[in-house]
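Accompanying notes for the structure given below.
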Amino acid sequence: MFNINYTFHWNQAFRALPDMLEGALITLQIAVLSMLIGIVVGVLLALAKEARFAPLRWFANTWIEIARNTPALFQVYMIYFGIPAVLQLAASLFGIDFRALGINIFYLDSYWAVLVGIAFNNAGYLAETFRGGLRAVPPTQTRAARSLGFNAVDSFRLIVLPQMFRAVFHPMTNQMVWAILMTSIGIFVGLNTDLTGITQELNARTFRTFEFFALAAAIYYVIAKIVTGGARLIAWRLFRY
Amino acid sequence: MLGTSVTWGDVTFMMTGAGLTLAITFWAMLGGTLMGMVFGLIRAQSPWYVNHPLGAVLDILRSVPLLIQFILFNSFQSIAGLGMNPFVVGCVVLAAYTSAFCTEIVRGGILAVPATTRKAARSLGMTYWQDMRYVVLPLGTRVMLPSWIGLTLGVMKDTALVYAIGVIELLRSSQIIITRKPHEALIILAIAGLIYFIVSFPVSRLGAHLEKKWREND
């Protein structure tokens with residue numbers, strides 16, 4: 001069936017393993033940072049979506065719907081091409097001298113584009129997760145806390161948040177794995193320090209596409225498994241009664 | 001158009017890309033759903049020595065970036081001399097990826113039907129397939145359809161990654177225009193985003209509506 005005229009050179013790939021693992025660290029770094037930003041912004045968006053002040057609701061809705069209804073790659077593009085374009089517009093309209101502020105308005109570093117783009121995406125998805133989590137905590141809990149003398153902030157922080165956290169922990173680990181896998185799209189904006197970027201550079205030098213990317217796939221798989229396994233361990237430690 | 005140098009030709013070019021996006025989504029969903037139904041049935045009712053290996057293989061598809069899967073399969077097919085064009089490679093990989101998610105949806109739907117209901121159906125004299133057709137399918141669909149709609153939208157967004165193997169779909173076509181007219185990046189991207197949004201948003205609303213409606217009747 002197959003007529004394979006190709007000799008696999010796995011040694012070459014394994015020799016590059018240290019470089020690729022270094023790239024995996026950058027991948028993890030982007031994923032973790034984008035998750036941290038995503039969690040904070042996601043909670044704020046979830047609260048804003050329930051706000052009484054209408055513009056706040058619109059803002060949150062727009063963010064969430066864009067994040068959920070367009071590809072993550074589109075969002076990274078939007079940051080990568082969009083932020084410089086907005087800055088250029090601001091420079092020409094308002095005459096702001098960005099160069100004096102040390103900002104290059106013609107180019108955004110791809111690392112930041114990927115980090116911000118994925119954080120934007122995470123925040124949108126996590127906001128919906130958190131909203132579901134908030135719903136899972138009955139309002140009577142807040143009322144009980146308030147009648148026991150907790151103030152509004154404390155009753156949210158000490159009573160509602162921990163219960164919500166339990167409900168959203170599993171979807172959050174999924175989002176974390178998702179974030180790790182998403183960082184691979186950095187290659188489209190020229191990121192060459194993460195796992196996919198380094199693999200692509202090695203590939204461009206050696207043309208051993210299959211071997212290098214197979215190894216990269218294995219590394220991604222192991223990272224994803226470590227994260228889900230670790231999360232299960234943490235969940236077992238935190239959430240047993 | 002709108003006082004920019006973006007021409008109708010550019011927009012038409014992007015619409016062609018959007019057509020390709022939808023075509024890939026269609027074939028990937030068709031293949032993925034068929035495979036997912038078979039695998040889901042197997043996973044819901046087979047002994048562990050079938051269930052676990054199948055689950056592990058499908059888990060690999062979900063734990064490796066789709067982008068890498070495209071590149072890997074593309075280089076594999078050129079090594080093996082299959083001579084597939086990039087469009088077919090995109091559809092095949094995306095269908096396999098979709099099947100991994102669809103399997104879990106189908107399995108969840110089947111397992112969501114209470115065992116007692118199915119036993120009741122069997123003791124009324126229904127055959128296995130009658131039980132599947134008249135009991136499990138209608139009840140399971142309520143659980144499965146909202147997630148399946150969500151999966152369809154996810155797959156449509158994931159088609160953006162076939163870019164890596166050289167298929168000119170919506171996002172790739174807008175990127176090509178951006179390299180020609182970099183100062184119009186924002187408006188070109190806005191058009192692309194709008195096209196994605198126009199397709200995705202009504203469908204996601206439909207999914208949310210179905211989910212809500214069916215939950216009320218429970």
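Just so we're on the same page: first chain in the structure tokens is A, next is B, and so on; residues restart at 1 for each chain, and ligands are numbered from 1 in the order they show up.
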
Given a cut-off of 10 Å, which residues of chain B touch chain A, counting only C-alpha atoms, written out as a PyMOL selection string?
chain B and resi 59-69+71-82+153-161+163-164+171-172+175+178+182-187+189-190+192-204

Please provide the set of residues having any atom within 12 Å of segment 45-56 of chain B, restricted to only C-alpha atoms, with same-chain residues fewer than 6 positions apart removed, written as a PyMOL selection string.
(chain A and resi 221+225) or (chain B and resi 36+38-39+62-63+99-101+103-104+106-108+110-111+115)

Leu191 of chain A environment, 12 Å, only C-alpha atoms, sequence neighbours closer than 6 positions dropped, as a PyMOL selection string
chain A and resi 23+26-27+30+76+80+108-115+183-185+197-201

Residues from last step as file, N, CA and C atoms, as a compact mmCIF listing (two decimals), in the first residue's frame:
```txt
# COMPACT_ATOMS: atom_id res chain seq x y z
N GLY A 23 12.16 25.39 24.64
CA GLY A 23 10.99 25.99 24.02
C GLY A 23 9.72 25.65 24.78
N ILE A 26 9.05 28.09 27.48
CA ILE A 26 8.42 29.34 27.01
C ILE A 26 6.93 29.11 26.78
N THR A 27 6.61 27.96 26.15
CA THR A 27 5.21 27.60 25.93
C THR A 27 4.43 27.61 27.25
N ILE A 30 4.00 31.20 28.64
CA ILE A 30 2.91 31.95 28.00
C ILE A 30 1.56 31.44 28.50
N VAL A 76 -5.32 36.68 17.98
CA VAL A 76 -3.89 36.99 18.05
C VAL A 76 -3.52 37.96 16.92
N TYR A 80 -1.79 41.54 17.11
CA TYR A 80 -0.50 41.69 16.44
C TYR A 80 -0.52 42.81 15.41
N LEU A 108 4.75 45.06 16.91
CA LEU A 108 4.51 44.51 18.24
C LEU A 108 5.24 43.18 18.32
N ASP A 109 5.99 42.97 19.40
CA ASP A 109 6.73 41.74 19.57
C ASP A 109 5.75 40.56 19.57
N SER A 110 6.10 39.50 18.84
CA SER A 110 5.15 38.39 18.69
C SER A 110 4.85 37.71 20.03
N TYR A 111 5.84 37.69 20.94
CA TYR A 111 5.61 37.09 22.25
C TYR A 111 4.43 37.77 22.94
N TRP A 112 4.43 39.11 22.90
CA TRP A 112 3.35 39.85 23.57
C TRP A 112 2.03 39.66 22.84
N ALA A 113 2.11 39.61 21.50
CA ALA A 113 0.87 39.42 20.73
C ALA A 113 0.21 38.08 21.11
N VAL A 114 1.02 37.03 21.21
CA VAL A 114 0.48 35.72 21.56
C VAL A 114 -0.05 35.74 22.99
N LEU A 115 0.74 36.28 23.91
CA LEU A 115 0.34 36.30 25.32
C LEU A 115 -0.98 37.06 25.49
N THR A 183 -0.94 28.01 22.36
CA THR A 183 0.29 28.79 22.16
C THR A 183 0.98 28.42 20.86
N SER A 184 0.68 27.23 20.32
CA SER A 184 1.35 26.80 19.09
C SER A 184 1.03 27.73 17.92
N ILE A 185 -0.07 28.48 18.00
CA ILE A 185 -0.40 29.37 16.88
C ILE A 185 0.53 30.57 16.83
N GLY A 197 7.65 27.03 17.62
CA GLY A 197 8.56 27.91 16.90
C GLY A 197 9.93 27.30 16.74
N ILE A 198 10.48 26.75 17.84
CA ILE A 198 11.81 26.13 17.79
C ILE A 198 11.79 24.91 16.86
N THR A 199 10.71 24.13 16.96
CA THR A 199 10.59 22.96 16.08
C THR A 199 10.60 23.39 14.63
N GLN A 200 9.89 24.46 14.33
CA GLN A 200 9.82 24.95 12.95
C GLN A 200 11.20 25.42 12.47
N GLU A 201 11.96 26.08 13.36
CA GLU A 201 13.30 26.53 12.99
C GLU A 201 14.20 25.34 12.67
```

Could you give me, as a VMD selection string, the residues within 10 Å of Asn122 of chain A, counting only C-alpha atoms and dropping anything in the same chain fewer than 6 positions from it?
chain A and resid 31 34 to 39 41 to 42 64 67 to 68 72 116 172 175 to 176 178 to 179

Residues of the last selection are to be written out with N, CA and C atoms, as a compact mmCIF listing (two decimals), in the first residue's frame.
```txt
# COMPACT_ATOMS: atom_id res chain seq x y z
N ALA A 31 1.43 30.10 28.57
CA ALA A 31 0.15 29.53 28.98
C ALA A 31 -0.22 29.94 30.40
N SER A 34 -0.99 33.72 30.60
CA SER A 34 -2.27 34.05 29.96
C SER A 34 -3.43 33.52 30.81
N MET A 35 -3.21 32.40 31.52
CA MET A 35 -4.26 31.88 32.39
C MET A 35 -4.48 32.80 33.59
N LEU A 36 -3.37 33.27 34.18
CA LEU A 36 -3.49 34.15 35.35
C LEU A 36 -4.25 35.42 34.97
N ILE A 37 -3.84 36.03 33.84
CA ILE A 37 -4.56 37.22 33.38
C ILE A 37 -6.01 36.86 33.09
N GLY A 38 -6.19 35.71 32.40
CA GLY A 38 -7.54 35.28 32.02
C GLY A 38 -8.44 35.07 33.21
N ILE A 39 -7.89 34.52 34.31
CA ILE A 39 -8.72 34.27 35.50
C ILE A 39 -9.18 35.59 36.11
N VAL A 41 -9.28 38.68 34.74
CA VAL A 41 -10.19 39.41 33.86
C VAL A 41 -11.51 38.66 33.72
N GLY A 42 -11.44 37.32 33.70
CA GLY A 42 -12.65 36.51 33.57
C GLY A 42 -13.61 36.72 34.71
N ILE A 64 -16.87 38.86 25.52
CA ILE A 64 -17.12 37.42 25.62
C ILE A 64 -17.54 36.85 24.26
N ALA A 67 -14.59 36.74 21.84
CA ALA A 67 -13.64 35.70 22.24
C ALA A 67 -14.16 34.31 21.89
N ARG A 68 -15.48 34.11 22.02
CA ARG A 68 -16.02 32.77 21.83
C ARG A 68 -16.43 32.48 20.39
N ALA A 72 -9.11 31.71 17.73
CA ALA A 72 -8.07 32.27 18.59
C ALA A 72 -6.99 32.93 17.73
N VAL A 116 -1.05 38.26 24.93
CA VAL A 116 -2.26 39.08 25.09
C VAL A 116 -3.44 38.43 24.36
N MET A 172 -11.60 24.85 34.48
CA MET A 172 -10.39 25.66 34.44
C MET A 172 -9.17 24.85 34.02
N GLN A 175 -9.28 24.51 30.39
CA GLN A 175 -8.87 25.76 29.74
C GLN A 175 -7.35 25.89 29.75
N MET A 176 -6.73 25.43 30.85
CA MET A 176 -5.27 25.49 30.95
C MET A 176 -4.62 24.63 29.86
N TRP A 178 -5.99 23.73 27.13
CA TRP A 178 -6.36 24.41 25.89
C TRP A 178 -5.40 25.55 25.62
N ALA A 179 -5.07 26.32 26.67
CA ALA A 179 -4.14 27.45 26.51
C ALA A 179 -2.76 26.96 26.06
```

Quick one: residues within 12 Å of Phe26 of chain B, only C-alpha atoms, excluding same-chain residues fewer than 2 positions away - as a compact mmCIF listing (two decimals) with C-alpha atoms, in the first residue's frame?
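File written: result15.txt
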```
# COMPACT_ATOMS: atom_id res chain seq x y z
CA GLY B 19 -16.54 29.36 1.33
CA LEU B 20 -13.52 27.12 1.76
CA THR B 21 -13.75 27.49 5.54
CA LEU B 22 -17.36 26.30 5.43
CA ALA B 23 -16.52 23.45 3.02
CA ILE B 24 -13.77 22.13 5.31
CA ALA B 28 -14.75 17.49 8.86
CA MET B 29 -18.05 17.46 10.75
CA LEU B 30 -19.51 14.79 8.46
CA GLY B 31 -16.51 12.47 8.83
CA GLY B 32 -15.97 13.32 12.49
CA THR B 33 -19.58 12.76 13.45
CA GLY B 90 -7.06 19.41 6.11
CA CYS B 91 -10.42 17.63 6.00
CA VAL B 92 -8.96 14.26 7.06
CA LEU B 94 -9.84 17.83 11.18
CA ALA B 95 -12.30 14.93 10.86
CA THR B 98 -13.47 16.11 15.55
CA THR B 152 -19.39 22.42 15.05
CA LEU B 153 -18.59 26.02 15.92
CA VAL B 155 -14.37 23.06 14.33
CA MET B 156 -15.25 26.05 12.16
CA THR B 159 -10.25 25.48 10.29
```

Based on the backbone DSSP call, show me all residues of segment 146-208 of chain B assigned alpha helix (DSSP H), as JSON, numbers by chain.
{"B": [146, 147, 148, 149, 150, 151, 152, 153, 154, 155, 156, 157, 158, 170, 171, 172, 173, 174, 175, 176, 177, 178, 179, 180, 185, 186, 187, 188, 189, 190, 191, 192, 193, 194, 195, 196, 197, 198, 199, 200, 201, 202, 203, 204, 205, 206, 207, 208]}

For Asp10 of chain B, find every residue with an atom within 9 Å (counting only C-alpha atoms), except residues of its own chain fewer than 3 positions away, and show them as a PyMOL selection string.
chain B and resi 6-7+13-15+173-174+177+188
